[in-house]
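As provided, target_26.csv (CSV, C-alpha atoms and all ligand atoms) reads as follows.
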chain,number,residue,atom,x,y,z
A,1,MET,CA,-269.7,-105.6,-8.4
A,2,ILE,CA,-271.7,-107.9,-6.2
A,3,GLU,CA,-272.1,-107.1,-2.5
A,4,TYR,CA,-274.1,-108.8,0.2
A,5,LYS,CA,-274.4,-106.5,3.3
A,6,GLY,CA,-275.7,-108.1,6.5
A,7,VAL,CA,-278.2,-110.3,4.6
A,8,TYR,CA,-280.7,-112.5,6.4
A,9,THR,CA,-283.5,-114.4,4.6
A,10,THR,CA,-286.2,-116.7,5.8
A,11,TYR,CA,-288.7,-118.9,3.9
A,12,ASP,CA,-292.2,-118.5,5.1
A,13,ASN,CA,-290.9,-116.4,8.0
A,14,LYS,CA,-289.8,-119.5,9.8
A,15,PHE,CA,-286.4,-120.6,9.2
A,16,GLU,CA,-283.2,-118.5,8.6
A,17,ALA,CA,-281.9,-119.9,5.3
A,18,ILE,CA,-279.4,-117.0,5.1
A,19,ASN,CA,-278.2,-116.0,8.5
A,20,GLY,CA,-276.1,-112.9,8.3
A,21,ILE,CA,-274.0,-112.8,5.2
A,22,ASP,CA,-271.4,-110.2,4.1
A,23,LEU,CA,-269.7,-111.0,0.9
A,24,HIS,CA,-268.0,-109.0,-1.8
A,25,ILE,CA,-267.3,-110.3,-5.3
A,26,LYS,CA,-265.3,-108.3,-7.8
A,27,TYR,CA,-265.7,-108.0,-11.6
A,28,GLY,CA,-264.2,-111.0,-13.4
A,29,GLU,CA,-263.9,-113.3,-10.3
A,30,PHE,CA,-264.6,-117.0,-10.4
A,31,VAL,CA,-266.1,-118.0,-7.1
A,32,SER,CA,-267.0,-121.5,-6.0
A,33,LEU,CA,-269.6,-121.6,-3.3
A,34,ILE,CA,-269.4,-124.9,-1.4
A,35,GLY,CA,-271.3,-126.4,1.4
A,36,PRO,CA,-273.6,-129.3,2.2
A,37,ASN,CA,-277.2,-129.5,1.0
A,38,GLY,CA,-279.3,-127.0,2.8
A,39,ALA,CA,-276.4,-124.7,3.6
A,40,GLY,CA,-278.1,-121.8,1.7
A,41,LYS,CA,-276.1,-121.7,-1.5
A,42,SER,CA,-279.1,-121.6,-3.9
A,43,THR,CA,-280.8,-119.1,-1.7
A,44,LEU,CA,-277.7,-116.9,-1.9
A,45,LEU,CA,-277.8,-117.1,-5.7
A,46,ARG,CA,-281.6,-116.5,-5.9
A,47,LEU,CA,-281.1,-113.2,-4.0
A,48,LEU,CA,-279.1,-111.9,-7.0
A,49,THR,CA,-282.0,-112.4,-9.5
A,50,LYS,CA,-284.6,-111.1,-7.0
A,51,GLU,CA,-286.4,-114.4,-6.9
A,52,ILE,CA,-286.3,-113.8,-3.2
A,53,THR,CA,-285.7,-110.7,-1.2
A,54,PRO,CA,-283.8,-110.3,2.1
A,55,ASN,CA,-285.7,-109.8,5.4
A,56,LYS,CA,-282.7,-107.7,6.5
A,57,GLY,CA,-279.6,-106.3,4.8
A,58,GLU,CA,-278.9,-105.4,1.2
A,59,VAL,CA,-277.8,-107.0,-2.0
A,60,VAL,CA,-276.1,-104.7,-4.5
A,61,VAL,CA,-275.2,-105.6,-8.1
A,62,ASP,CA,-273.3,-103.1,-10.3
A,63,GLY,CA,-273.9,-100.4,-7.8
A,64,ILE,CA,-277.7,-101.0,-7.8
A,65,SER,CA,-279.6,-102.2,-4.8
A,66,ILE,CA,-281.6,-105.2,-5.9
A,67,ALA,CA,-284.5,-104.2,-3.6
A,68,GLU,CA,-284.9,-101.0,-5.7
A,69,ILE,CA,-285.3,-102.7,-9.0
A,70,PRO,CA,-289.0,-102.6,-10.0
A,71,ASP,CA,-290.7,-105.8,-11.2
A,72,LYS,CA,-291.0,-104.4,-14.7
A,73,ASP,CA,-287.1,-104.2,-14.9
A,74,LEU,CA,-286.5,-107.8,-13.6
A,75,PRO,CA,-286.1,-109.2,-17.1
A,76,VAL,CA,-283.2,-106.8,-17.7
A,77,LEU,CA,-281.6,-108.0,-14.4
A,78,ARG,CA,-282.2,-111.6,-15.3
A,79,ARG,CA,-280.5,-111.2,-18.6
A,80,LYS,CA,-277.5,-109.5,-17.0
A,81,VAL,CA,-277.4,-112.2,-14.4
A,82,GLY,CA,-277.7,-115.5,-16.3
A,83,THR,CA,-278.4,-118.8,-14.4
A,84,ILE,CA,-277.9,-122.5,-15.1
A,85,PHE,CA,-279.3,-125.3,-13.0
A,86,GLN,CA,-278.7,-129.0,-12.2
A,87,ASP,CA,-281.7,-130.0,-14.2
A,88,PHE,CA,-280.9,-127.9,-17.4
A,89,LYS,CA,-284.5,-126.7,-17.8
A,90,LEU,CA,-284.4,-127.2,-21.6
A,91,LEU,CA,-287.6,-127.3,-23.7
A,92,THR,CA,-287.8,-130.9,-24.8
A,93,ASN,CA,-289.7,-130.2,-28.0
A,94,LYS,CA,-287.1,-127.8,-29.3
A,95,THR,CA,-283.6,-128.5,-30.8
A,96,ALA,CA,-280.4,-127.1,-29.2
A,97,PHE,CA,-280.6,-124.2,-31.7
A,98,GLU,CA,-284.3,-123.5,-31.0
A,99,ASN,CA,-283.8,-123.6,-27.2
A,100,VAL,CA,-281.2,-120.9,-27.5
A,101,ALA,CA,-283.1,-119.0,-30.1
A,102,PHE,CA,-286.3,-119.0,-28.0
A,103,ALA,CA,-284.5,-117.1,-25.2
A,104,LEU,CA,-283.9,-114.3,-27.8
A,105,GLU,CA,-287.4,-114.5,-29.4
A,106,VAL,CA,-289.1,-113.9,-26.0
A,107,CYS,CA,-287.3,-110.6,-25.7
A,108,GLY,CA,-288.2,-109.5,-29.2
A,109,ALA,CA,-284.9,-110.2,-31.1
A,110,SER,CA,-285.0,-110.1,-35.0
A,111,GLU,CA,-284.6,-113.1,-37.2
A,112,GLN,CA,-281.3,-111.6,-38.2
A,113,GLU,CA,-280.0,-111.3,-34.6
A,114,ILE,CA,-281.1,-114.9,-34.0
A,115,SER,CA,-279.4,-116.3,-37.1
A,116,ASP,CA,-276.2,-114.3,-36.3
A,117,ASP,CA,-275.9,-114.8,-32.6
A,118,VAL,CA,-277.2,-118.4,-31.9
A,119,PRO,CA,-274.4,-120.1,-34.0
A,120,LYS,CA,-271.8,-118.0,-32.2
A,121,VAL,CA,-272.8,-119.1,-28.7
A,122,LEU,CA,-273.2,-122.7,-29.9
A,123,HIS,CA,-269.7,-122.5,-31.2
A,124,ILE,CA,-268.4,-121.2,-27.8
A,125,VAL,CA,-269.9,-124.2,-26.0
A,126,GLY,CA,-268.7,-126.6,-28.7
A,127,LEU,CA,-272.1,-127.7,-30.0
A,128,SER,CA,-272.1,-126.3,-33.6
A,129,ASP,CA,-272.5,-129.9,-34.9
A,130,LYS,CA,-275.4,-130.7,-32.5
A,131,ALA,CA,-277.5,-127.6,-33.2
A,132,ASP,CA,-280.3,-129.7,-34.7
A,133,ASN,CA,-280.4,-132.3,-32.0
A,134,PHE,CA,-283.3,-132.4,-29.5
A,135,PRO,CA,-282.4,-132.7,-25.8
A,136,ASN,CA,-283.1,-136.4,-25.8
A,137,GLN,CA,-280.5,-136.8,-28.5
A,138,LEU,CA,-277.8,-135.1,-26.4
A,139,SER,CA,-275.7,-136.4,-23.5
A,140,GLY,CA,-276.1,-134.8,-20.0
A,141,GLY,CA,-273.0,-132.7,-20.5
A,142,GLU,CA,-274.2,-131.5,-23.9
A,143,ARG,CA,-277.6,-130.6,-22.4
A,144,GLN,CA,-275.9,-128.5,-19.8
A,145,ARG,CA,-273.8,-126.8,-22.5
A,146,VAL,CA,-277.1,-125.9,-24.4
A,147,ALA,CA,-278.3,-124.4,-21.1
A,148,ILE,CA,-275.0,-122.4,-20.8
A,149,ALA,CA,-275.4,-121.2,-24.4
A,150,ARG,CA,-278.9,-120.1,-23.6
A,151,ALA,CA,-277.6,-118.0,-20.7
A,152,LEU,CA,-274.8,-116.6,-22.7
A,153,ILE,CA,-277.0,-115.5,-25.6
A,154,HIS,CA,-277.9,-112.4,-23.4
A,155,ARG,CA,-274.2,-111.6,-22.9
A,156,PRO,CA,-274.6,-111.7,-19.1
A,157,THR,CA,-272.0,-110.0,-16.9
A,158,ILE,CA,-272.6,-112.6,-14.2
A,159,LEU,CA,-273.3,-116.3,-14.6
A,160,LEU,CA,-274.7,-118.2,-11.7
A,161,ALA,CA,-274.3,-122.0,-11.9
A,162,ASP,CA,-276.4,-123.7,-9.3
A,163,GLU,CA,-275.1,-127.3,-8.9
A,164,PRO,CA,-274.6,-127.5,-12.7
A,165,THR,CA,-272.7,-130.9,-12.5
A,166,GLY,CA,-275.2,-132.5,-10.1
A,167,ASN,CA,-276.7,-134.8,-12.9
A,168,LEU,CA,-273.4,-135.4,-14.6
A,169,ASP,CA,-270.6,-138.1,-14.4
A,170,LEU,CA,-267.1,-137.0,-13.6
A,171,LEU,CA,-265.9,-136.6,-17.1
A,172,ASN,CA,-268.9,-134.4,-18.2
A,173,SER,CA,-268.6,-132.5,-14.9
A,174,TYR,CA,-265.0,-131.5,-15.8
A,175,ASP,CA,-266.1,-130.5,-19.3
A,176,VAL,CA,-268.7,-128.2,-17.9
A,177,VAL,CA,-266.2,-126.8,-15.4
A,178,LYS,CA,-263.7,-126.2,-18.1
A,179,LEU,CA,-266.4,-124.3,-20.1
A,180,LEU,CA,-267.3,-122.2,-17.1
A,181,LEU,CA,-263.6,-121.3,-16.7
A,182,LYS,CA,-263.4,-120.3,-20.4
A,183,ILE,CA,-266.5,-118.1,-20.1
A,184,ASN,CA,-264.9,-116.5,-17.0
A,185,GLU,CA,-261.7,-115.9,-19.1
A,186,LEU,CA,-263.9,-114.2,-21.7
A,187,GLY,CA,-264.9,-111.7,-19.0
A,188,THR,CA,-268.0,-113.0,-17.2
A,189,THR,CA,-268.0,-113.2,-13.4
A,190,VAL,CA,-268.9,-116.8,-12.5
A,191,ILE,CA,-270.4,-118.1,-9.2
A,192,LEU,CA,-270.6,-121.8,-9.0
A,193,ALA,CA,-272.6,-123.4,-6.2
A,194,THR,CA,-271.9,-127.1,-5.5
A,195,HIS,CA,-271.6,-129.6,-2.7
A,196,ASN,CA,-269.0,-131.4,-4.8
A,197,ARG,CA,-265.5,-130.8,-3.4
A,198,GLU,CA,-263.8,-132.7,-6.2
A,199,VAL,CA,-265.2,-130.3,-8.7
A,200,VAL,CA,-264.1,-127.3,-6.6
A,201,ASN,CA,-260.6,-128.6,-6.1
A,202,SER,CA,-260.2,-129.0,-9.8
A,203,ILE,CA,-260.9,-125.2,-10.3
A,204,GLY,CA,-258.3,-123.7,-7.9
A,205,ARG,CA,-260.0,-120.3,-7.5
A,206,ARG,CA,-261.7,-118.5,-4.6
A,207,VAL,CA,-263.7,-120.8,-2.5
A,208,VAL,CA,-266.5,-119.6,-0.2
A,209,SER,CA,-267.7,-122.2,2.2
A,210,MET,CA,-271.2,-122.1,3.7
A,211,GLU,CA,-272.9,-123.9,6.5
A,212,ASN,CA,-276.3,-123.2,8.1
A,213,GLY,CA,-276.8,-120.0,6.2
A,214,LYS,CA,-273.5,-118.5,7.1
A,215,ILE,CA,-270.1,-118.2,5.5
A,216,VAL,CA,-267.7,-120.3,7.5
A,217,ARG,CA,-264.6,-119.8,5.3
A,218,ASP,CA,-263.5,-117.5,2.5
A,219,GLN,CA,-260.4,-118.8,0.8
A,220,ILE,CA,-259.3,-116.2,-1.7
A,221,GLU,CA,-256.4,-118.2,-3.0
A,222,ALA,CA,-254.7,-121.4,-2.0
A,223,GLY,CA,-253.5,-121.2,1.6
A,224,LYS,CA,-254.9,-117.8,2.3
A,225,TYR,CA,-258.1,-117.6,4.4
A,226,ILE,CA,-259.8,-114.4,5.2
A,227,ILE,CA,-262.4,-116.0,7.6
B,301,LIG,P1,-278.4,-125.4,-0.7
B,301,LIG,O1,-278.5,-124.7,-2.1
B,301,LIG,O2,-277.1,-125.1,0.0
B,301,LIG,O3,-278.7,-126.8,-0.8
B,301,LIG,P2,-280.8,-123.9,-0.1
B,301,LIG,O4,-280.5,-122.5,-0.3
B,301,LIG,O5,-281.5,-124.6,-1.2
B,301,LIG,O6,-279.5,-124.7,0.2
B,301,LIG,O7,-281.6,-124.1,1.2
B,301,LIG,C1,-281.3,-123.5,2.4
B,301,LIG,C2,-282.4,-123.8,3.4
B,301,LIG,O8,-283.6,-123.2,3.0
B,301,LIG,C3,-282.7,-125.3,3.5
B,301,LIG,O9,-282.9,-125.6,4.9
B,301,LIG,C4,-283.9,-125.5,2.7
B,301,LIG,O10,-284.7,-126.6,3.1
B,301,LIG,C5,-284.7,-124.2,2.9
B,301,LIG,N1,-285.4,-123.8,1.6
B,301,LIG,C6,-284.9,-123.7,0.4
B,301,LIG,N2,-285.9,-123.4,-0.5
B,301,LIG,C7,-287.1,-123.3,0.2
B,301,LIG,C8,-288.4,-123.0,-0.1
B,301,LIG,N3,-288.8,-122.7,-1.3
B,301,LIG,N4,-289.3,-123.0,0.9
B,301,LIG,C9,-289.0,-123.3,2.2
B,301,LIG,N5,-287.7,-123.6,2.6
B,301,LIG,C10,-286.8,-123.6,1.6

The structure in this file should be written as structure tokens.
Amino acid sequence: MIEYKGVYTTYDNKFEAINGIDLHIKYGEFVSLIGPNGAGKSTLLRLLTKEITPNKGEVVVDGISIAEIPDKDLPVLRRKVGTIFQDFKLLTNKTAFENVAFALEVCGASEQEISDDVPKVLHIVGLSDKADNFPNQLSGGERQRVAIARALIHRPTILLADEPTGNLDLLNSYDVVKLLLKINELGTTVILATHNREVVNSIGRRVVSMENGKIVRDQIEAGKYII
């Protein structure tokens, strides 16, 4: 479902952030992308939402080459490929409910859809009882769960989690990881980028290791390396 074919990317035509990547991710996989800061993990994820385009090579999602998606269709791509980040990116003047609802409002959803769907996703992320709290009335882990709910509201087939536990303590990190695993079990392909090996070790799924814009190891399952 996701394929990187001979991909190279530079920023400002200077520095090779992605330096020849071939990677295939199947439907329903949970992939941890690990590597030190600057390894190219975020860049690899940003290629999937066409925030950046390769200088060379091709990125294919669901059989469609990302390069061929016109700008007018990018919102559709970005609903199919949901993203969460280290800094949550919540609107501070809106409650948990309103943050999630806003994502639906901007794409023209009806009041009915909003009042049906928002409670459902808040339930999935375990925040039904905090729907009326503002971000500053939520813990870091809860804020990240609101961000996850906001991504899930569009029923994405792929969820990209870019260093989602970077601002969280260990306990909250494990909660977020458990939630990502649950979302994966419900059928969404998940790619988790992190430099935190403890987090990755707790997951026990495919681990792709990056260094200097390259994949240096692809461990499909414990003890089995394909690179
Ligand atoms: P990671 O997510 O593994 O920390 P990144 O993909 O963010 O790595 O960065 C890969 C390389 O690209 C780094 O050397 C980083 O400094 C550089 N880089 C990332 N974003 C930009 C940008 N917007 N402009 C210029 N260089 C960037």

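The smallest atom-to-atom distance between Arg145 (chain A) and any of A:Leu181, A:Glu105, A:His24, A:Ile84, using all atoms listed in the file, is found for A:Ile84.
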
List the neighbours of Glu16 (chain A) out to 10 Å using only C-alpha atoms; skip same-chain residues closer than 2 positions along the sequence, and give me the result as a ChimeraX atom specification. /A:8-14,18-20,40,55,212-214

Test item: residues no farther than 6 Å from ligand LIG 301 (chain B), counting only C-alpha atoms and all ligand atoms, as a PyMOL selection string: chain A and resi 11+17+36-43

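Each of A:Leu179, A:Val121, A:Leu170, A:Ile25 was compared to Arg155 (chain A) using all atoms listed in the file, and A:Val121 turns out to be the nearest.
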
Could you give me, as a Markdown table, every region 53-116 of chain A residue with an atom at most 12 Å from region 187-211 of chain A, plus its closest atom pair and distance in Å to one decimal, counting all atoms listed in the file, rows ordered by chain then number?
| residue | atom | partner | partner_atom | distance |
| --- | --- | --- | --- | --- |
| A:Val61 | CA | A:Thr189 | CA | 11.7 |
| A:Asp62 | CA | A:Thr189 | CA | 11.8 |
| A:Lys80 | CA | A:Thr188 | CA | 10.1 |
| A:Val81 | CA | A:Thr189 | CA | 9.5 |
| A:Gly82 | CA | A:Val190 | CA | 9.7 |
| A:Thr83 | CA | A:Ile191 | CA | 9.6 |
| A:Ile84 | CA | A:Leu192 | CA | 9.5 |
| A:Phe85 | CA | A:Ala193 | CA | 9.7 |
| A:Gln86 | CA | A:Thr194 | CA | 9.7 |

Can I get the selection written as a PDB file, in the frame of the given file, with C-alpha atoms?
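Once everything was written out, this is out-v9.pdb:
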ATOM      1  CA  VAL A  61    -275.200-105.600  -8.100  1.00  0.00           C
ATOM      2  CA  ASP A  62    -273.300-103.100 -10.300  1.00  0.00           C
ATOM      3  CA  LYS A  80    -277.500-109.500 -17.000  1.00  0.00           C
ATOM      4  CA  VAL A  81    -277.400-112.200 -14.400  1.00  0.00           C
ATOM      5  CA  GLY A  82    -277.700-115.500 -16.300  1.00  0.00           C
ATOM      6  CA  THR A  83    -278.400-118.800 -14.400  1.00  0.00           C
ATOM      7  CA  ILE A  84    -277.900-122.500 -15.100  1.00  0.00           C
ATOM      8  CA  PHE A  85    -279.300-125.300 -13.000  1.00  0.00           C
ATOM      9  CA  GLN A  86    -278.700-129.000 -12.200  1.00  0.00           C
TER      10      GLN A  86
END

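Between CA of Arg79 (chain A) and CA of Lys130 (chain A) there is a distance of 24.5 Å.
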
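Nearest-residue note for Leu160 (chain A): choosing from A:Ser65, A:Asn93, A:Ser139, A:Asn184, the minimum distance belongs to A:Asn184, counting all atoms listed in the file.
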
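Checking A:Pro135, A:Gly28, A:Gly63, A:Pro119 one by one against Thr95 (chain A), counting all atoms listed in the file, you find the shortest gap at A:Pro135.
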
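Picture a line from CA of Val146 (chain A) to CA of Phe30 (chain A); it runs 20.8 Å.
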
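Ranking A:Arg46, A:Lys5, A:Lys178, A:Arg78 by their shortest atom-to-atom distance to Ile158 (chain A), with only C-alpha atoms included, puts A:Arg78 first.
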
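When CA of Ile2 (chain A) is paired with CA of Val60 (chain A), their separation reads 5.7 Å.
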
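Taking only C-alpha atoms into account, Glu163 (chain A) lies nearest to A:Val176 out of the set A:Ala151, A:Val176, A:Ala131, A:Val216.
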
Distance query 12 Å from (-285.8, -110.9, -17.3) using all atoms listed in the file, result as a short mmCIF file (atom, residue, chain, number, x, y, z; two decimals) with C-alpha atoms, in the coordinates of the input:
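See point.cif below for the written result:
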data_model
loop_
_atom_site.label_atom_id
_atom_site.label_comp_id
_atom_site.auth_asym_id
_atom_site.auth_seq_id
_atom_site.Cartn_x
_atom_site.Cartn_y
_atom_site.Cartn_z
CA THR A 49 -282.00 -112.40 -9.50
CA LYS A 50 -284.60 -111.10 -7.00
CA GLU A 51 -286.40 -114.40 -6.90
CA ILE A 69 -285.30 -102.70 -9.00
CA PRO A 70 -289.00 -102.60 -10.00
CA ASP A 71 -290.70 -105.80 -11.20
CA LYS A 72 -291.00 -104.40 -14.70
CA ASP A 73 -287.10 -104.20 -14.90
CA LEU A 74 -286.50 -107.80 -13.60
CA PRO A 75 -286.10 -109.20 -17.10
CA VAL A 76 -283.20 -106.80 -17.70
CA LEU A 77 -281.60 -108.00 -14.40
CA ARG A 78 -282.20 -111.60 -15.30
CA ARG A 79 -280.50 -111.20 -18.60
CA LYS A 80 -277.50 -109.50 -17.00
CA VAL A 81 -277.40 -112.20 -14.40
CA GLY A 82 -277.70 -115.50 -16.30
CA THR A 83 -278.40 -118.80 -14.40
CA ALA A 103 -284.50 -117.10 -25.20
CA LEU A 104 -283.90 -114.30 -27.80
CA VAL A 106 -289.10 -113.90 -26.00
CA CYS A 107 -287.30 -110.60 -25.70
CA ALA A 151 -277.60 -118.00 -20.70
CA HIS A 154 -277.90 -112.40 -23.40
CA PRO A 156 -274.60 -111.70 -19.10
#
